[in-house]
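Working notes, beginning with the structure itself.
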Amino acid sequence: MENHPVRMPKPGAVNWGSLQMQITLGILVILAIIFFVFGKVAITEQRQKMMNQMEEYGSATTNFIAQISLVPLQKFSIYQLENYVHNLEQNKLVTYCDIFDDKDLLITQNVHGVERKPHGGVDKENLLVFSVPISENDVHYGRVEVGMDLEPVHVRINTISWQIVLAFCIGLLLIGGVVSFFIHKKLVGPILKLSGITKTIAAGQFAVSSQAGRRDEIGELAGSINTMSRNLEDSYRTLERKVEERTVELKAAKDAAEGTNAHLEVVGAGLQALLDNSPVGILFIAEDYIIQRVNLEIFRITGYGASELSGHSISILFSDKESFRQSFELISQGLERDGVCQTTTRLQKKDGGCIICSVRGRLTVLDEGVGGVILSLEDVTARLQLEEELLKIKKLESVGVLAGGIAHDFNNILMAILGNLSLVEKIAGSDDRVAELLSQARNASLKAKELTVKLLTFAQGGESVNKTESLPDIVKESASFALSGSNVKCRFDIEDDLWAVRMDREQINQVMQNLILNADQAISGGGRIDVTCRNRDVRAGDIAGLTQAKYVQLKIKDTGAGIANENLPKVFDPYFSTREKDSYKGRGLGLSIVRSIIIKHNGGVFVRSSPGLGTEFTIYLPAVEKSAGGAESEVDILPSGKGLVLVMDDDETVHTVVEEMLTYLGYKVLHCYNGEETLATYQEQQKTGLDVSLVIMDLTIPGAMGGVEAVRKLREIYPLAKVIVSSGYSGDPVVQDYQSSGFDNCISKPYQLLDLSRVIAETLKQKSDDNIEND
């Protein structure tokens, strides 16, 4: 509470407006009136009394002169009368004395020289005149007239009046002083003290008066003031507490409001940022199709800045008026019907390129209450391309399943052919003609094997055998091999410090050969192929089908005739080709296999072409920022050995050819057709004391225990067993990582005698080294 100083009167100063002065003056005025009335009455009575005394004195004196003047009048003794008059006039009160005869004639002379008037009249302004007849026995002898001087009486009366007034004034002052002192002592002083207490209370100091013990109105007033002070103090404390509580509440409310304001500012800024950073473009359009406002995403989608679009018709985003009219007819119909609309339309960017956008519209109110439409644009070109790519992948997967089954069965057939041919070559001896025929048959079978490898590569969805490799070496090697004998030149542009790639070397080599051969066949009469390698950081959404990561970009561009626009979407379809199908070209599997391999490597492959301007294939392969590892050394081929080999396969043809090859190599063979039979046979041979040197298991046995489960159970009983997995699916994950499944080695169908001999030698040598280490 703010304290105000108590203003006290200066010492000696008279405060005429104070209660003490007002009461004192009031009492003095009343007393003055009373004294005035009573004084006036007293003075009047005193005057009247003195006048009465003068009249009595004058009347007595006149009567006495009349009595003593009777004899001299009878004797006509004028001298004696004058003597009487002279003696009388010696009195200061008697102004004159005249004696008249019966004829009212003055017979005495005034010794004072008073001027006589007719009939003895004198100036009676200050005189009191008495006239008494002189007679005896009804005989009139004359009269006596005495004039009394009133001036001494008046002086006396005035003196006494002033004395009375002075006494009244002195008394009035004494009474006023006493009354003032009494009032100050008994009333004004206590009231002033109470006033000081109230001022102290008003200043915030809740004092109490010591006069509450008085048994009068002042005491009651002091008690009331004390009660008021205590109540005010309690109220002040309560108010102070409530103010503190309210202050805390207000501070909390202020903090909450500030927090809310800050939150609203953040939310507002966030909403503005959300609008500007929205993944969709937003346009506010008036009813006349004039663009009012846009967000930042519009620039990324269309290439137009906000200043280039604001104030212009939205038709600027369309290639022609007809497409604009058709699109907005659909939008207007949806808005009129439902208030919202959604459609897909083709827009033209600032650079002239076309994009497909998903358009959503909603009626809204723009600035100043003007009606309009808010449109959101989303560039779905890449998404539609991705969907198209996914549809193609699904189609390829379906074809791949069929191709994989055919290749597997065909591998079993080739197994019998290649295996027997390799045996016949060993048995035939030195007959050159027979050796030549067998070589032609083997080469034809190897081409068939290559075809099945392509089919399996196209069909398989498993992981490749990936290693960190240097891409430039493979690119140059494959291109040189594919262009052997061609008049087409190849130019390489490879970035320094090109990132390494995690890849299957053989499969990427196949990709390069297919693409280079396609480019070579597209060029007639000589030309050039440009091969470019670059490091690329790809962001999410930049390229359809690719995630955000580091990639090595491989471009192969030719100067051939190009591909027609209607054929571009089909170039990766299996068995699609624009060239004549013969023994060398035109099978239509090359680009399908390229696509399948690149997808398995988590990459992407894209094509651009214009008739007469050539074709460009672009490949993206995931990169690793480290140097490529060196190639692994091949395992030496070891001599064949002796022992017992268990062969598990569901195909009798395979059993036959494998038995012939193993027999040629010096091994005995036992045949099993599923996992259960293999386990039982192995246990039986161990019980009879015959050591099983090796087990060759087919990976997949339809309707029975396959190789994976069989080797697991075999390892549980015989941990040192030597097991080779054999499969026509060379890209199967189990074949690629056979050791994790419990196998010691693998061999892919179809294989020849040398292949089998080398794998057996590697497996037995590895097992022998392991046993030595264990010992």
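Labels for the structure tokens follow display order: chains A, B, ..., residues from 1 in each chain, ligands from 1.
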- Run DSSP on the backbone of this structure and report the residues of region 144-284 of chain A it assigns to alpha helix (DSSP H), as a ChimeraX atom specification. /A:151-183,189-202,217-276
For Ile474 (chain A), find every residue with an atom within 9 Å (counting only C-alpha atoms), except residues of its own chain fewer than 4 positions away, and show them as a PDB file with all heavy atoms, in the first residue's frame.
```
ATOM      1  N   GLU A 469      33.953 -55.050 -55.761  1.00  0.00           N
ATOM      2  CA  GLU A 469      34.716 -55.122 -57.010  1.00  0.00           C
ATOM      3  C   GLU A 469      34.926 -53.726 -57.579  1.00  0.00           C
ATOM      4  O   GLU A 469      34.187 -52.784 -57.272  1.00  0.00           O
ATOM      5  CB  GLU A 469      33.973 -55.976 -58.040  1.00  0.00           C
ATOM      6  CG  GLU A 469      33.714 -57.409 -57.607  1.00  0.00           C
ATOM      7  CD  GLU A 469      34.906 -58.317 -57.836  1.00  0.00           C
ATOM      8  OE1 GLU A 469      35.946 -57.802 -58.323  1.00  0.00           O
ATOM      9  OE2 GLU A 469      34.810 -59.516 -57.533  1.00  0.00           O
ATOM     10  N   SER A 470      35.932 -53.632 -58.453  1.00  0.00           N
ATOM     11  CA  SER A 470      36.187 -52.400 -59.186  1.00  0.00           C
ATOM     12  C   SER A 470      35.432 -52.459 -60.500  1.00  0.00           C
ATOM     13  O   SER A 470      35.706 -53.313 -61.357  1.00  0.00           O
ATOM     14  CB  SER A 470      37.689 -52.235 -59.431  1.00  0.00           C
ATOM     15  OG  SER A 470      37.926 -51.123 -60.263  1.00  0.00           O
ATOM     16  N   SER A 478      34.697 -56.417 -70.359  1.00  0.00           N
ATOM     17  CA  SER A 478      33.491 -56.917 -71.039  1.00  0.00           C
ATOM     18  C   SER A 478      33.295 -56.235 -72.385  1.00  0.00           C
ATOM     19  O   SER A 478      32.935 -56.875 -73.387  1.00  0.00           O
ATOM     20  CB  SER A 478      32.262 -56.682 -70.154  1.00  0.00           C
ATOM     21  OG  SER A 478      32.405 -57.349 -68.921  1.00  0.00           O
ATOM     22  N   ALA A 479      33.518 -54.928 -72.422  1.00  0.00           N
ATOM     23  CA  ALA A 479      33.334 -54.190 -73.680  1.00  0.00           C
ATOM     24  C   ALA A 479      34.332 -54.654 -74.733  1.00  0.00           C
ATOM     25  O   ALA A 479      33.971 -54.848 -75.906  1.00  0.00           O
ATOM     26  CB  ALA A 479      33.477 -52.693 -73.420  1.00  0.00           C
ATOM     27  N   ARG A 505      30.417 -60.454 -59.885  1.00  0.00           N
ATOM     28  CA  ARG A 505      31.253 -60.110 -61.042  1.00  0.00           C
ATOM     29  C   ARG A 505      30.745 -60.743 -62.321  1.00  0.00           C
ATOM     30  O   ARG A 505      30.659 -60.079 -63.369  1.00  0.00           O
ATOM     31  CB  ARG A 505      32.695 -60.533 -60.763  1.00  0.00           C
ATOM     32  CG  ARG A 505      33.692 -60.115 -61.857  1.00  0.00           C
ATOM     33  CD  ARG A 505      35.090 -60.611 -61.543  1.00  0.00           C
ATOM     34  NE  ARG A 505      36.037 -60.153 -62.530  1.00  0.00           N
ATOM     35  CZ  ARG A 505      36.714 -59.023 -62.464  1.00  0.00           C
ATOM     36  NH1 ARG A 505      36.563 -58.248 -61.413  1.00  0.00           N
ATOM     37  NH2 ARG A 505      37.565 -58.677 -63.428  1.00  0.00           N
ATOM     38  N   ILE A 508      27.411 -59.023 -63.491  1.00  0.00           N
ATOM     39  CA  ILE A 508      27.621 -57.686 -64.052  1.00  0.00           C
ATOM     40  C   ILE A 508      28.364 -57.783 -65.377  1.00  0.00           C
ATOM     41  O   ILE A 508      28.118 -57.006 -66.312  1.00  0.00           O
ATOM     42  CB  ILE A 508      28.380 -56.802 -63.043  1.00  0.00           C
ATOM     43  CG1 ILE A 508      27.544 -56.622 -61.768  1.00  0.00           C
ATOM     44  CG2 ILE A 508      28.704 -55.448 -63.648  1.00  0.00           C
ATOM     45  CD1 ILE A 508      26.181 -56.014 -62.008  1.00  0.00           C
ATOM     46  N   ASN A 509      29.266 -58.763 -65.504  1.00  0.00           N
ATOM     47  CA  ASN A 509      29.942 -59.004 -66.777  1.00  0.00           C
ATOM     48  C   ASN A 509      28.926 -59.377 -67.850  1.00  0.00           C
ATOM     49  O   ASN A 509      28.998 -58.917 -68.995  1.00  0.00           O
ATOM     50  CB  ASN A 509      30.983 -60.105 -66.599  1.00  0.00           C
ATOM     51  CG  ASN A 509      31.753 -60.363 -67.892  1.00  0.00           C
ATOM     52  OD1 ASN A 509      32.384 -59.470 -68.439  1.00  0.00           O
ATOM     53  ND2 ASN A 509      31.677 -61.588 -68.384  1.00  0.00           N
ATOM     54  N   MET A 512      27.049 -56.193 -68.892  1.00  0.00           N
ATOM     55  CA  MET A 512      27.846 -55.369 -69.811  1.00  0.00           C
ATOM     56  C   MET A 512      27.894 -55.964 -71.211  1.00  0.00           C
ATOM     57  O   MET A 512      27.720 -55.247 -72.207  1.00  0.00           O
ATOM     58  CB  MET A 512      29.262 -55.212 -69.260  1.00  0.00           C
ATOM     59  CG  MET A 512      29.402 -54.157 -68.176  1.00  0.00           C
ATOM     60  SD  MET A 512      28.971 -52.510 -68.739  1.00  0.00           S
ATOM     61  CE  MET A 512      30.086 -52.299 -70.112  1.00  0.00           C
TER      62      MET A 512
END
```
- Task: Grab the CA of Ile529 (chain A) to CA of Asn466 (chain A) distance for me, in Å with one decimal place.
- Result: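 A separation of 27.6 Å between them.
Between Pro733 (chain A) and the residues A:Leu106, A:Cys746, A:Ile78, A:Ile99, the shortest atom-to-atom distance, using only C-alpha atoms, involves A:Cys746.
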- Message: Please determine, counting only C-alpha atoms, which residue among A:Ala60, A:Met54, A:Leu239, A:Val85 has the shortest atom-to-atom distance to Asp149 (chain A).
- Response: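 Of A:Ala60, A:Met54, A:Leu239, A:Val85, the one nearest Asp149 (chain A), counting only C-alpha atoms, is A:Met54.
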- Here CA of Arg715 (chain A) and CA of Tyr664 (chain A) stand apart by 28.6 Å
- Message: Give me the residues near Arg293 (chain A) as a list in words, where near means some atom within 8 Å (using only C-alpha atoms) and where sequence neighbours in that chain fewer than 5 positions away do not count.
- Response: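 Using only C-alpha atoms, the neighbours found are Leu283, Phe284, Ile285, Ala306 and Ser310 of chain A.
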- Extract the full set of strand (DSSP E or B) residues from region 264-472 of chain A according to DSSP on the backbone, and format it as a PyMOL selection string. chain A and resi 281-286+290-294+313+340-348+354-365+371-379+467-469
- Which polymer residues have any atom within 7 Å of an atom of Gln348 (chain A), counting only C-alpha atoms, with same-chain residues fewer than 3 positions away left out, as an NGL selection string? :A and (317-319 or 352-355)
- Message: Need to verify the contact set: Val594 (chain A), 8 Å, only C-alpha atoms, exclusion of same-chain residues closer than 6 positions in sequence. Can you return it as a PyMOL selection string?
- Response: chain A and resi 510-511+514-515
Take the selection from the previous step and output its residues with N, CA and C atoms, as a PDB file, in the first residue's frame.
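result-v3.pdb was written with the following content:
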```pdb
ATOM      1  N   GLN A 510      27.949 -60.188 -67.462  1.00  0.00           N
ATOM      2  CA  GLN A 510      26.896 -60.574 -68.401  1.00  0.00           C
ATOM      3  C   GLN A 510      26.057 -59.356 -68.788  1.00  0.00           C
ATOM      4  N   VAL A 511      25.775 -58.466 -67.816  1.00  0.00           N
ATOM      5  CA  VAL A 511      25.022 -57.240 -68.109  1.00  0.00           C
ATOM      6  C   VAL A 511      25.765 -56.397 -69.131  1.00  0.00           C
ATOM      7  N   ASN A 514      25.750 -57.975 -72.640  1.00  0.00           N
ATOM      8  CA  ASN A 514      24.434 -57.855 -73.294  1.00  0.00           C
ATOM      9  C   ASN A 514      24.218 -56.438 -73.819  1.00  0.00           C
ATOM     10  N   LEU A 515      24.535 -55.427 -73.012  1.00  0.00           N
ATOM     11  CA  LEU A 515      24.293 -54.049 -73.428  1.00  0.00           C
ATOM     12  C   LEU A 515      25.236 -53.643 -74.563  1.00  0.00           C
TER      13      LEU A 515
END
```
- Shell of 12 Å around Asp101 (chain A), only C-alpha atoms, local chain residues under 2 positions omitted, as a count of residues only: 29
- Item | Counting only C-alpha atoms, the option among A:Ile164, A:Met21, A:Ile68, A:Ala416 closest to Val41 (chain A) |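 For Val41 (chain A), the nearest of the candidates is A:Ile164.
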